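Text of final38.tsv, listed as TSV, C-alpha atoms:
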chain	number	residue	atom	x	y	z
F	1	MET	CA	5.20	-8.41	22.35
F	2	PRO	CA	4.04	-4.86	23.05
F	3	PRO	CA	2.34	-2.70	21.87
F	4	GLY	CA	-0.49	-5.19	22.48
F	5	LEU	CA	0.76	-6.26	25.87
F	6	THR	CA	1.50	-2.82	27.10
F	7	ALA	CA	-1.94	-1.72	26.09
F	8	LEU	CA	-3.29	-4.48	28.28
F	9	GLU	CA	-2.33	-2.50	31.32
F	10	LEU	CA	-5.53	-0.62	30.71
F	11	GLU	CA	-8.28	-2.04	32.87
F	12	THR	CA	-10.75	-2.04	29.97
F	13	ASP	CA	-8.38	-4.18	27.93
F	14	ARG	CA	-7.92	-6.61	30.76
F	15	ALA	CA	-11.68	-6.81	31.09
F	16	LEU	CA	-12.02	-7.51	27.38
F	17	LEU	CA	-9.39	-10.23	27.58
F	18	GLN	CA	-11.24	-11.83	30.49
F	19	GLN	CA	-14.48	-11.58	28.54
F	20	ILE	CA	-12.91	-13.29	25.54
F	21	TYR	CA	-11.69	-16.06	27.82
F	22	ASP	CA	-15.04	-16.51	29.55
F	23	GLN	CA	-17.04	-16.50	26.35
F	24	TYR	CA	-14.82	-18.20	23.81
F	25	GLU	CA	-12.26	-20.38	25.60
F	26	PRO	CA	-14.53	-23.46	25.60
F	27	ARG	CA	-15.06	-23.25	21.87
F	28	MET	CA	-11.38	-22.48	21.26
F	29	TYR	CA	-10.42	-25.54	23.27
F	30	ARG	CA	-12.86	-27.78	21.42
F	31	VAL	CA	-11.65	-26.54	18.04
F	32	ALA	CA	-8.04	-27.15	19.08
F	33	LEU	CA	-8.94	-30.58	20.42
F	34	GLN	CA	-10.68	-31.54	17.19
F	35	VAL	CA	-7.62	-30.54	15.20
F	36	LEU	CA	-4.97	-31.99	17.49
F	37	LYS	CA	-6.74	-34.97	19.10
F	38	SER	CA	-4.70	-34.42	22.24
F	39	SER	CA	-5.88	-32.56	25.32
F	40	ALA	CA	-2.36	-31.50	26.32
F	41	LEU	CA	-1.62	-30.08	22.87
F	42	ALA	CA	-5.07	-28.48	22.72
F	43	GLU	CA	-4.30	-26.69	25.98
F	44	ASP	CA	-1.02	-25.51	24.51
F	45	ALA	CA	-2.77	-24.30	21.38
F	46	VAL	CA	-5.30	-22.28	23.38
F	47	HIS	CA	-2.60	-20.82	25.61
F	48	ASP	CA	-0.50	-19.88	22.59
F	49	ALA	CA	-3.57	-18.45	20.88
F	50	PHE	CA	-4.19	-16.21	23.88
F	51	LEU	CA	-0.58	-15.04	23.76
F	52	LYS	CA	-1.13	-14.13	20.11
F	53	LEU	CA	-4.34	-12.31	21.00
F	54	ILE	CA	-2.48	-10.35	23.64
F	55	LYS	CA	0.32	-9.63	21.23
F	56	HIS	CA	-2.10	-8.20	18.70
F	57	PHE	CA	-4.50	-6.64	21.17
F	58	SER	CA	-4.51	-3.30	19.42
F	59	GLU	CA	-6.24	-5.08	16.52
F	60	ILE	CA	-8.63	-6.93	18.81
F	61	ARG	CA	-10.06	-3.66	20.06
F	62	LYS	CA	-11.12	-2.72	16.53
F	63	ILE	CA	-13.08	-5.91	15.97
F	64	SER	CA	-16.84	-5.90	16.37
F	65	CYS	CA	-18.46	-8.23	18.90
F	66	LYS	CA	-19.97	-10.24	16.04
F	67	GLU	CA	-16.58	-10.84	14.45
F	68	LEU	CA	-14.72	-11.58	17.65
F	69	GLU	CA	-15.66	-15.24	17.95
F	70	PRO	CA	-14.68	-16.26	14.40
F	71	PHE	CA	-11.54	-14.14	14.75
F	72	VAL	CA	-10.37	-16.02	17.84
F	73	VAL	CA	-11.42	-19.31	16.23
F	74	ILE	CA	-9.18	-18.56	13.26
F	75	ILE	CA	-6.29	-17.78	15.58
F	76	VAL	CA	-6.66	-20.97	17.60
F	77	LYS	CA	-7.23	-23.12	14.52
F	78	ARG	CA	-4.12	-21.72	12.85
F	79	THR	CA	-2.16	-22.22	16.06
F	80	ALA	CA	-3.36	-25.81	16.31
F	81	LEU	CA	-2.48	-26.49	12.67
F	82	ASP	CA	0.97	-25.02	13.28
F	83	LEU	CA	1.41	-27.47	16.15
F	84	LEU	CA	0.31	-30.30	13.89
F	85	LYS	CA	2.89	-29.25	11.34
F	86	GLN	CA	5.55	-29.15	14.03
F	87	GLU	CA	4.52	-32.60	15.18
F	88	LYS	CA	4.79	-33.61	11.53
F	89	ARG	CA	1.32	-35.03	11.68
F	90	LEU	CA	0.21	-32.64	8.94
F	91	THR	CA	2.57	-33.59	6.17
F	92	SER	CA	0.91	-31.97	3.20
F	93	LEU	CA	-2.11	-29.95	2.35
F	94	GLU	CA	-4.55	-30.77	-0.38
F	95	ASP	CA	-4.06	-28.64	-3.43
F	96	GLY	CA	-6.90	-30.06	-5.47
F	97	TRP	CA	-10.33	-28.52	-5.13
F	98	ASP	CA	-13.66	-30.10	-5.79
F	99	PRO	CA	-16.18	-27.82	-4.12
F	100	PRO	CA	-19.65	-29.12	-3.35
F	101	ALA	CA	-22.27	-28.02	-5.82
F	102	GLY	CA	-24.23	-24.91	-4.96
F	103	SER	CA	-27.89	-24.38	-5.55
F	104	GLY	CA	-27.34	-21.50	-7.95
F	105	PRO	CA	-27.82	-17.74	-7.93
F	106	GLU	CA	-31.58	-18.08	-8.04
F	107	THR	CA	-31.82	-19.53	-4.53
F	108	GLU	CA	-28.49	-18.73	-2.89
F	109	THR	CA	-26.88	-15.36	-2.46
F	110	ALA	CA	-23.40	-14.82	-3.82
F	111	TYR	CA	-22.17	-14.12	-0.30
F	112	HIS	CA	-23.38	-17.44	1.07
F	113	ARG	CA	-21.91	-19.27	-1.89
F	114	LEU	CA	-18.61	-17.49	-1.27
F	115	VAL	CA	-18.66	-18.68	2.36
F	116	GLU	CA	-19.29	-22.26	1.24
F	117	LEU	CA	-16.52	-22.09	-1.34
F	118	ILE	CA	-14.10	-20.84	1.29
F	119	ARG	CA	-15.03	-23.71	3.60
F	120	SER	CA	-14.17	-26.22	0.91
F	121	MET	CA	-11.17	-24.55	-0.70
F	122	PRO	CA	-7.63	-25.97	-0.26
F	123	ASP	CA	-6.12	-24.84	3.01
F	124	THR	CA	-2.99	-23.81	1.14
F	125	TYR	CA	-4.95	-20.82	-0.14
F	126	ARG	CA	-7.37	-20.35	2.74
F	127	GLU	CA	-4.52	-20.04	5.20
F	128	VAL	CA	-2.86	-17.12	3.42
F	129	LEU	CA	-6.23	-15.46	2.83
F	130	GLU	CA	-7.06	-15.70	6.55
F	131	LEU	CA	-3.65	-14.46	7.64
F	132	ARG	CA	-3.71	-11.56	5.18
F	133	CYS	CA	-7.36	-10.52	5.02
F	134	VAL	CA	-8.51	-11.30	8.58
F	135	LEU	CA	-5.45	-11.13	10.80
F	136	GLU	CA	-3.95	-8.43	8.55
F	137	TRP	CA	-0.45	-9.84	8.62
F	138	SER	CA	2.02	-8.45	6.11
F	139	ASN	CA	3.19	-10.70	3.29
F	140	LYS	CA	6.60	-10.62	4.93
F	141	ASP	CA	5.26	-11.98	8.24
F	142	ILE	CA	3.20	-14.62	6.45
F	143	ALA	CA	6.25	-15.65	4.44
F	144	ARG	CA	8.29	-16.04	7.58
F	145	ARG	CA	5.55	-17.97	9.37
F	146	LEU	CA	5.00	-20.37	6.48
F	147	SER	CA	8.66	-20.62	5.43
F	148	LEU	CA	7.83	-19.25	2.00
F	149	SER	CA	9.20	-16.42	-0.08
F	150	GLU	CA	7.22	-13.19	-0.10
F	151	ASN	CA	6.69	-13.74	-3.78
F	152	ALA	CA	5.16	-17.17	-3.11
F	153	VAL	CA	2.81	-15.62	-0.56
F	154	ALA	CA	1.74	-12.95	-3.04
F	155	VAL	CA	1.11	-15.63	-5.65
F	156	ARG	CA	-0.95	-17.74	-3.24
F	157	LEU	CA	-3.01	-14.72	-2.28
F	158	MET	CA	-3.66	-13.84	-5.88
F	159	ARG	CA	-4.49	-17.42	-6.82
F	160	GLY	CA	-6.70	-17.89	-3.80
F	161	LYS	CA	-8.77	-14.86	-4.67
F	162	ALA	CA	-8.84	-15.81	-8.34
F	163	LEU	CA	-10.02	-19.34	-7.47
F	164	LEU	CA	-12.98	-17.94	-5.59
F	165	GLN	CA	-13.82	-15.21	-8.08
F	166	ASN	CA	-13.58	-17.53	-11.08
F	167	LYS	CA	-15.70	-20.17	-9.41
F	168	LEU	CA	-18.37	-17.66	-8.56
F	169	GLU	CA	-18.39	-16.32	-12.09
F	170	GLN	CA	-18.54	-19.83	-13.56
F	171	GLU	CA	-21.60	-20.53	-11.43
F	172	GLY	CA	-23.32	-17.41	-12.62
F	173	TYR	CA	-22.62	-15.09	-9.73
F	174	GLY	CA	-21.45	-11.83	-11.23
F	175	ARG	CA	-19.50	-9.46	-9.06
F	176	GLU	CA	-22.59	-7.28	-8.99
F	177	GLY	CA	-24.43	-10.20	-7.39
F	178	PHE	CA	-22.94	-9.29	-4.06
F	179	GLY	CA	-25.09	-6.21	-3.99
F	180	ILE	CA	-22.32	-3.87	-2.93
C	1	MET	CA	-17.12	-4.34	-7.75
C	2	LYS	CA	-13.70	-2.95	-6.98
C	3	ASP	CA	-10.94	-5.21	-5.65
C	4	SER	CA	-11.00	-3.38	-2.32
C	5	GLU	CA	-14.73	-4.08	-2.04
C	6	PHE	CA	-14.18	-7.74	-2.81
C	7	ASP	CA	-11.41	-7.85	-0.18
C	8	ALA	CA	-13.78	-6.46	2.44
C	9	LEU	CA	-16.40	-9.01	1.47
C	10	LEU	CA	-13.81	-11.75	1.47
C	11	ARG	CA	-12.79	-10.85	5.02
C	12	SER	CA	-16.36	-11.09	6.20
C	13	ALA	CA	-16.85	-14.39	4.35
C	14	LEU	CA	-13.64	-15.85	5.81
C	15	LEU	CA	-14.86	-15.00	9.31
C	16	GLU	CA	-18.28	-16.49	8.63
C	17	ALA	CA	-16.64	-19.64	7.22
C	18	ALA	CA	-14.53	-19.95	10.36
C	19	ARG	CA	-17.60	-19.53	12.56
C	20	LEU	CA	-19.51	-22.22	10.64
C	21	ASP	CA	-16.50	-24.55	10.72
C	22	ALA	CA	-16.21	-24.14	14.47
C	23	GLU	CA	-19.90	-24.84	14.88
C	24	ALA	CA	-19.60	-27.96	12.77
C	25	LEU	CA	-16.50	-29.12	14.63
C	26	THR	CA	-18.12	-28.78	18.02
C	27	GLU	CA	-21.62	-29.85	17.05
C	28	GLY	CA	-23.30	-32.14	19.53
C	29	GLU	CA	-20.90	-31.41	22.38
C	30	THR	CA	-22.69	-29.95	25.35
C	31	GLU	CA	-19.89	-29.71	27.88
C	32	ALA	CA	-16.26	-28.89	27.29
C	33	PRO	CA	-13.84	-31.64	28.34
C	34	PRO	CA	-12.04	-30.97	31.63
C	35	ARG	CA	-8.77	-29.06	31.51
C	36	SER	CA	-5.66	-29.94	33.46
C	37	LEU	CA	-4.97	-28.11	36.69
C	38	GLU	CA	-1.66	-26.95	35.23
C	39	TYR	CA	-3.44	-25.35	32.29
C	40	GLN	CA	-6.02	-23.70	34.54
C	41	ALA	CA	-3.27	-22.23	36.70
C	42	GLU	CA	-1.36	-20.97	33.67
C	43	MET	CA	-4.41	-19.37	32.12
C	44	ALA	CA	-5.34	-17.76	35.43
C	45	ALA	CA	-1.83	-16.32	35.65
C	46	LEU	CA	-2.05	-15.08	32.09
C	47	LEU	CA	-5.37	-13.36	32.65
C	48	ARG	CA	-4.31	-11.93	35.98
C	49	ASP	CA	-1.09	-10.53	34.56
C	50	PRO	CA	-1.04	-10.55	30.74
C	51	ILE	CA	2.37	-8.94	30.57
C	52	ARG	CA	4.30	-11.05	33.01
C	53	GLY	CA	2.08	-14.08	33.31
C	54	GLY	CA	2.35	-15.12	29.68
C	55	ALA	CA	5.46	-17.21	29.83
C	56	ARG	CA	4.75	-20.87	29.89
C	57	PRO	CA	7.78	-23.11	30.09
C	58	LYS	CA	7.01	-25.92	27.70
C	59	VAL	CA	9.07	-28.73	29.01
C	60	ARG	CA	6.57	-31.53	29.26
C	61	PRO	CA	7.79	-34.66	27.44
C	62	GLY	CA	5.34	-34.39	24.58
C	63	LEU	CA	6.27	-30.81	23.96
C	64	TRP	CA	9.95	-31.42	24.16
C	65	ARG	CA	9.61	-33.27	20.89
C	66	ARG	CA	7.68	-30.48	19.32
C	67	SER	CA	10.36	-28.85	17.26
C	68	ARG	CA	14.03	-28.80	16.62
C	69	LEU	CA	14.08	-25.06	17.12
C	70	PHE	CA	12.49	-25.36	20.54
C	71	ARG	CA	14.92	-28.09	21.55
C	72	SER	CA	17.82	-25.92	20.43
C	73	ALA	CA	16.47	-22.92	22.32
C	74	ALA	CA	15.86	-24.98	25.43
C	75	CYS	CA	19.36	-26.41	25.19
C	76	LEU	CA	20.78	-22.92	24.91
C	77	ALA	CA	18.83	-21.83	27.97
C	78	LEU	CA	20.02	-24.91	29.83
C	79	GLY	CA	23.54	-24.18	28.63
C	80	ALA	CA	23.32	-20.71	30.06
C	81	VAL	CA	22.12	-22.09	33.38
C	82	LEU	CA	24.93	-24.63	33.42
C	83	CYS	CA	27.52	-21.96	32.64
C	84	LEU	CA	26.16	-19.89	35.46
C	85	GLY	CA	26.21	-22.98	37.63
C	86	SER	CA	29.97	-23.14	37.37
C	87	ALA	CA	30.19	-19.53	38.51
C	88	VAL	CA	28.18	-20.36	41.62
C	89	THR	CA	31.06	-22.35	43.02
C	90	PHE	CA	33.16	-19.24	43.23
C	91	SER	CA	30.72	-16.43	43.80
C	92	PRO	CA	27.96	-16.28	46.42
C	93	SER	CA	26.42	-13.32	44.68
C	94	ALA	CA	26.28	-15.29	41.44
C	95	ARG	CA	24.48	-18.03	43.35
C	96	ALA	CA	21.73	-15.60	44.29
C	97	TRP	CA	21.48	-14.44	40.71
C	98	VAL	CA	21.13	-17.96	39.37
C	99	VAL	CA	18.51	-18.96	41.88
C	100	HIS	CA	16.43	-15.84	41.54
C	101	PHE	CA	16.66	-14.85	37.89
C	102	PHE	CA	16.87	-16.99	34.79
C	103	SER	CA	15.96	-16.74	31.14
C	104	GLN	CA	14.38	-19.12	28.69
C	105	ARG	CA	14.21	-18.61	24.96
C	106	PHE	CA	11.14	-19.92	23.19
C	107	GLU	CA	10.19	-19.87	19.55
C	108	ASP	CA	8.35	-16.60	19.64
C	109	HIS	CA	9.27	-15.06	22.97
C	110	SER	CA	11.92	-14.99	25.64
C	111	ALA	CA	10.97	-15.41	29.28
C	112	PHE	CA	12.94	-13.83	32.10
C	113	SER	CA	11.77	-15.26	35.39
C	114	PHE	CA	12.30	-13.69	38.78
C	115	GLN	CA	11.87	-15.63	42.00
C	116	GLY	CA	12.10	-13.40	45.03
C	117	ASP	CA	11.35	-16.01	47.70
C	118	GLY	CA	13.76	-15.68	50.57
C	119	MET	CA	15.53	-12.66	49.18
C	120	ASP	CA	16.42	-9.92	51.55
C	121	GLY	CA	15.59	-7.06	49.21
C	122	PRO	CA	12.94	-4.61	50.41
C	123	ASP	CA	9.60	-4.78	48.67
C	124	ASP	CA	8.42	-1.24	49.30
C	125	VAL	CA	10.92	0.74	47.28
C	126	LEU	CA	9.70	2.73	44.30
C	127	TYR	CA	12.17	2.82	41.40
C	128	ARG	CA	12.02	5.20	38.48
C	129	PRO	CA	14.43	6.23	35.73
C	130	THR	CA	15.85	9.69	36.33
C	131	TYR	CA	16.71	10.08	32.66
C	132	LEU	CA	14.18	9.92	29.82
C	133	PRO	CA	14.82	10.35	26.09
C	134	ALA	CA	13.83	13.75	24.73
C	135	GLY	CA	10.09	14.31	24.49
C	136	TYR	CA	8.98	11.50	26.81
C	137	MET	CA	6.59	12.21	29.69
C	138	GLU	CA	5.06	9.87	32.22
C	139	ASP	CA	1.68	8.73	30.96
C	140	ARG	CA	0.60	6.39	33.74
C	141	SER	CA	1.96	4.12	36.40
C	142	GLN	CA	0.72	1.17	38.37
C	143	ASP	CA	2.48	1.78	41.71
C	144	ASP	CA	1.58	-1.71	42.89
C	145	LEU	CA	4.67	-2.66	44.85
C	146	PRO	CA	6.63	-4.86	44.81
C	147	LYS	CA	5.66	-5.28	41.12
C	148	ASP	CA	5.52	-1.91	39.54
C	149	MET	CA	5.38	-0.31	36.12
C	150	ALA	CA	5.36	3.10	34.51
C	151	ILE	CA	4.67	4.06	30.93
C	152	TYR	CA	6.19	7.11	29.29
C	153	VAL	CA	4.93	8.48	25.98
C	154	ASN	CA	6.28	11.03	23.53
C	155	ASP	CA	4.27	13.33	21.27
C	156	GLN	CA	4.36	10.72	18.50
C	157	GLU	CA	2.58	8.35	20.88
C	158	GLN	CA	5.59	6.07	21.08
C	159	PHE	CA	5.86	4.48	24.47
C	160	LEU	CA	8.70	3.68	26.79
C	161	TYR	CA	7.78	0.99	29.25
C	162	PHE	CA	9.50	0.53	32.60
C	163	SER	CA	8.72	-2.31	34.95
C	164	TYR	CA	10.31	-4.21	37.80
C	165	MET	CA	9.76	-7.00	40.31
C	166	ALA	CA	11.29	-6.88	43.75
C	167	GLY	CA	11.18	-8.29	47.24
C	168	ASN	CA	9.41	-11.47	48.13
C	169	THR	CA	7.52	-11.86	44.87
C	170	ALA	CA	7.80	-13.85	41.66
C	171	GLY	CA	6.97	-13.29	38.04
C	172	THR	CA	8.13	-13.40	34.47
C	173	PHE	CA	8.92	-10.82	31.86
C	174	ALA	CA	7.79	-12.40	28.60
C	175	VAL	CA	8.99	-10.43	25.60
C	176	ASP	CA	8.80	-10.79	21.86
C	177	ASN	CA	11.99	-12.19	20.32
C	178	GLU	CA	10.81	-12.69	16.78
C	179	HIS	CA	11.69	-9.19	15.72
C	180	SER	CA	14.97	-8.66	17.50
C	181	THR	CA	18.49	-9.89	18.02
C	182	GLU	CA	19.43	-10.86	21.55
C	183	LYS	CA	22.77	-10.38	23.27
C	184	LEU	CA	24.25	-10.02	26.73
C	185	ILE	CA	25.74	-6.65	27.57
C	186	THR	CA	27.12	-4.97	30.65
C	187	ILE	CA	25.40	-1.90	32.04
C	188	GLY	CA	26.40	0.30	34.96
C	189	LYS	CA	29.44	-0.84	36.89
C	190	ASP	CA	29.24	-4.55	36.29
C	191	CYS	CA	25.66	-5.59	35.70
C	192	GLN	CA	24.82	-8.15	33.05
C	193	ALA	CA	21.76	-7.30	30.98
C	194	HIS	CA	19.85	-8.93	28.13
C	195	LEU	CA	19.45	-6.58	25.18
C	196	LEU	CA	16.89	-7.53	22.54
C	197	GLU	CA	17.54	-5.01	19.80
C	198	THR	CA	14.70	-4.64	17.35
C	199	ILE	CA	15.15	-5.36	13.67
C	200	SER	CA	11.75	-3.93	12.75
C	201	PRO	CA	10.51	-0.35	13.13
C	202	ASP	CA	7.17	-1.77	14.27
C	203	TYR	CA	8.60	-3.41	17.36
C	204	PRO	CA	10.42	-2.01	20.38
C	205	SER	CA	13.79	-3.00	21.77
C	206	PHE	CA	14.01	-4.54	25.25
C	207	LEU	CA	16.53	-4.38	28.04
C	208	ILE	CA	16.15	-6.77	30.97
C	209	TRP	CA	18.49	-7.09	33.90
C	210	MET	CA	18.67	-7.96	37.55
C	211	ASP	CA	20.29	-5.79	40.17
C	212	GLU	CA	21.70	-8.40	42.55
C	213	GLU	CA	22.37	-5.97	45.39
C	214	LYS	CA	18.86	-4.56	45.39
C	215	GLY	CA	17.24	-7.89	44.56
C	216	VAL	CA	15.21	-6.38	41.75
C	217	ALA	CA	14.60	-7.50	38.16
C	218	PHE	CA	14.03	-4.65	35.72
C	219	LEU	CA	12.58	-4.33	32.23
C	220	ILE	CA	12.68	-1.33	29.93
C	221	ASP	CA	11.42	-1.34	26.38
C	222	GLY	CA	10.62	1.25	23.80
C	223	TYR	CA	11.09	2.58	20.33
C	224	VAL	CA	14.44	4.14	21.07
C	225	SER	CA	18.02	3.16	20.28
C	226	PRO	CA	19.85	0.62	22.46
C	227	GLU	CA	22.10	3.42	23.64
C	228	GLU	CA	19.09	5.36	24.90
C	229	LEU	CA	17.66	2.26	26.57
C	230	ILE	CA	20.96	1.68	28.36
C	231	ARG	CA	21.12	5.32	29.42
C	232	VAL	CA	17.61	5.09	30.85
C	233	ALA	CA	18.51	1.82	32.61
C	234	GLU	CA	21.63	3.27	34.16
C	235	SER	CA	19.62	6.20	35.50
C	236	VAL	CA	17.18	4.06	37.50
C	237	GLN	CA	17.15	5.05	41.16
C	238	ALA	CA	15.08	4.45	44.27
C	239	GLN	CA	12.65	7.33	44.84

Starting from the file, lay out its structure as structure tokens.
Amino acid sequence: MPPGLTALELETDRALLQQIYDQYEPRMYRVALQVLKSSALAEDAVHDAFLKLIKHFSEIRKISCKELEPFVVIIVKRTALDLLKQEKRLTSLEDGWDPPAGSGPETETAYHRLVELIRSMPDTYREVLELRCVLEWSNKDIARRLSLSENAVAVRLMRGKALLQNKLEQEGYGREGFGI
Amino acid sequence: MKDSEFDALLRSALLEAARLDAEALTEGETEAPPRSLEYQAEMAALLRDPIRGGARPKVRPGLWRRSRLFRSAACLALGAVLCLGSAVTFSPSARAWVVHFFSQRFEDHSAFSFQGDGMDGPDDVLYRPTYLPAGYMEDRSQDDLPKDMAIYVNDQEQFLYFSYMAGNTAGTFAVDNEHSTEKLITIGKDCQAHLLETISPDYPSFLIWMDEEKGVAFLIDGYVSPEELIRVAESVQAQ
């Protein structure tokens, strides 16, 4: 649990935790409720999500204000989906992918198309991408969480990225289209 | 674009996708549905005391069904309580221990709860370890009796955390158990302690015990060997 929890002894950290609760708890609860369809389980998901936030508080401090809300949303959504899996109400995840058509590179930036593709991609891949790229979990921790081998996690990560990159290229968005 | 640049962009896009998903999920809702009083109390405890207020015994009927692992853990905790229950018959001191200190193992943390109501132990005694591993110095302390904590740090910025609850108070030590093995050991003359020995260099080991005579529950954790933790624990004295 520490180092995150121990760091929370600092008054500034406690204040930040309170701020996260005041600002984002309502949205976290609604997201959890939408996923779980049960107020009791949604409360559990939010509580567990806050424990995870506390546990990884050293990472929370590094996150910009703008990124904080989606970050906590990802944590609570993943927590809620974990509860669904435990309740065996989420038996399998869709592997097929039929993304909605984009309007093309002439009218849509590559970044916005990437966001839309992520929103429609199979959760099998999105989950590992979120855990690895956003929450910065190691492949080992992801493997343990998802009951997979580390190799399977690495493959999912690679395939997830390749899915997105290939789709963007097929639609005419070159890598240079991101303007980086 | 390099892979590292794409990864950075991907992170930003994943966050934006999550934000948009949350907006879509909650679209049209103006007021959040009411929360249960139990939840509000638990969250208030968590925010008030993130370290000790995090434990949340999940024993409501719906949650009992949640997972086989949780049921097993809960059964183990219950088993421990029942075993201790048989000791109560023969030992008044064990009775006090059972009533005032108990542990629960959850999927990702273990909770060690202290209930000081009605105990005779003083609540104005400051405890500190008189032995520290080489290189550790006191960094800060809370000095908020009867719940108190002190943090010691070495030059590699590794911490050693010491905390206790005493007197007529209550609280819970909630500690990570996903990166450790847990066992009961004996420290000092005849004091039973829970040792959670880390299996990862990124996580500390924990030692939690209750001193029945003093009526105090203690926690020490840090990135040191179990032997060092035990030595620190056995050095704890009233100041």

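Picture a line from CA of Ser12 (chain C) to CA of Glu169 (chain F); it runs 19.1 Å.
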
| Sel. within 9 Å of pt (11.4, -10.7, 36.9), counting all atoms listed in the file, output as a ChimeraX atom specification | /C:52,100-102,111-116,147,164-166,169-173,208-210,216-219

Would you export the selected residues with C-alpha atoms as a PDB file, in the coordinates of the input, please?
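Full text of result.pdb as output:
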ATOM      1  CA  ARG C  52       4.300 -11.050  33.010  1.00  0.00           C
ATOM      2  CA  HIS C 100      16.430 -15.840  41.540  1.00  0.00           C
ATOM      3  CA  PHE C 101      16.660 -14.850  37.890  1.00  0.00           C
ATOM      4  CA  PHE C 102      16.870 -16.990  34.790  1.00  0.00           C
ATOM      5  CA  ALA C 111      10.970 -15.410  29.280  1.00  0.00           C
ATOM      6  CA  PHE C 112      12.940 -13.830  32.100  1.00  0.00           C
ATOM      7  CA  SER C 113      11.770 -15.260  35.390  1.00  0.00           C
ATOM      8  CA  PHE C 114      12.300 -13.690  38.780  1.00  0.00           C
ATOM      9  CA  GLN C 115      11.870 -15.630  42.000  1.00  0.00           C
ATOM     10  CA  GLY C 116      12.100 -13.400  45.030  1.00  0.00           C
ATOM     11  CA  LYS C 147       5.660  -5.280  41.120  1.00  0.00           C
ATOM     12  CA  TYR C 164      10.310  -4.210  37.800  1.00  0.00           C
ATOM     13  CA  MET C 165       9.760  -7.000  40.310  1.00  0.00           C
ATOM     14  CA  ALA C 166      11.290  -6.880  43.750  1.00  0.00           C
ATOM     15  CA  THR C 169       7.520 -11.860  44.870  1.00  0.00           C
ATOM     16  CA  ALA C 170       7.800 -13.850  41.660  1.00  0.00           C
ATOM     17  CA  GLY C 171       6.970 -13.290  38.040  1.00  0.00           C
ATOM     18  CA  THR C 172       8.130 -13.400  34.470  1.00  0.00           C
ATOM     19  CA  PHE C 173       8.920 -10.820  31.860  1.00  0.00           C
ATOM     20  CA  ILE C 208      16.150  -6.770  30.970  1.00  0.00           C
ATOM     21  CA  TRP C 209      18.490  -7.090  33.900  1.00  0.00           C
ATOM     22  CA  MET C 210      18.670  -7.960  37.550  1.00  0.00           C
ATOM     23  CA  VAL C 216      15.210  -6.380  41.750  1.00  0.00           C
ATOM     24  CA  ALA C 217      14.600  -7.500  38.160  1.00  0.00           C
ATOM     25  CA  PHE C 218      14.030  -4.650  35.720  1.00  0.00           C
ATOM     26  CA  LEU C 219      12.580  -4.330  32.230  1.00  0.00           C
TER      27      LEU C 219
END

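Here CA of Lys140 (chain F) is placed at a distance of 14.5 Å from CA of Tyr203 (chain C).
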
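Of the listed residues (F:Met121, F:Val46, F:Leu68, F:Ile54), F:Met121 comes nearest to Arg159 (chain F); the distances count only C-alpha atoms.
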
| request: Give me the residues within 10 Å of Lys167 (chain F) as a list in words, counting only C-alpha atoms and dropping any in the same chain fewer than 3 places off. | output: Pro99, Arg113, Leu114, Leu117, Lys161, Ala162, Leu163, Leu164, Gln170, Glu171, Gly172 and Tyr173 of chain F

| message | Can you tell me which residues surround Ile142 (chain F) at a distance of at most 9 Å, considering all atoms listed in the file, apart from same-chain residues fewer than 4 positions away, and format the answer as an MDAnalysis selection string? | response | chainID F and resid 128 131:132 137:138 146:148 150 153

| field | Nearest residue to His47 (chain F) from the set C:Thr181, C:Gln192, C:Gln40, C:Gln239 (distances using all atoms listed in the file) | value | C:Gln40

| request: Can you work out the spacing between CA of Phe159 (chain C) and CA of Ile20 (chain F) in Å, to one decimal? | output: 25.9 Å

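Closest to Ala22 (chain C) among F:Arg119, F:Gln86, F:Gln18, F:Ala42 is F:Arg119, based on only C-alpha atoms.
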
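Nearest-residue note for chain C: choosing from F:Asn166, F:Gln23, F:Ser39, F:Thr79, the minimum distance belongs to F:Ser39, counting all atoms listed in the file.
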
| What's the 12 Å shell around Leu10 (chain C), counting all atoms listed in the file, without same-chain residues fewer than 5 positions away, as a ChimeraX atom specification? | /F:110-118,126,129-130,132-134,157,160-162,164-165,178 /C:3-5,15-17

| said: When you count only C-alpha atoms, which of these residues is closest to Asp221 (chain C): C:Ala18, C:Val125, C:Leu207, C:Ala41? | reply: C:Leu207

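With distances restricted to all atoms listed in the file, C:Asp176 is the closest residue to chain F from C:Asp190, C:Asp148, C:Asp202, C:Asp176.
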
| task | Just the residues within 12 Å of Thr26 (chain C), please, counting all atoms listed in the file, with nothing from its chain fewer than 6 positions along; format it as an MDAnalysis selection string. | result | (chainID F and resid 26:35 73) or (chainID C and resid 19:20 32:33)
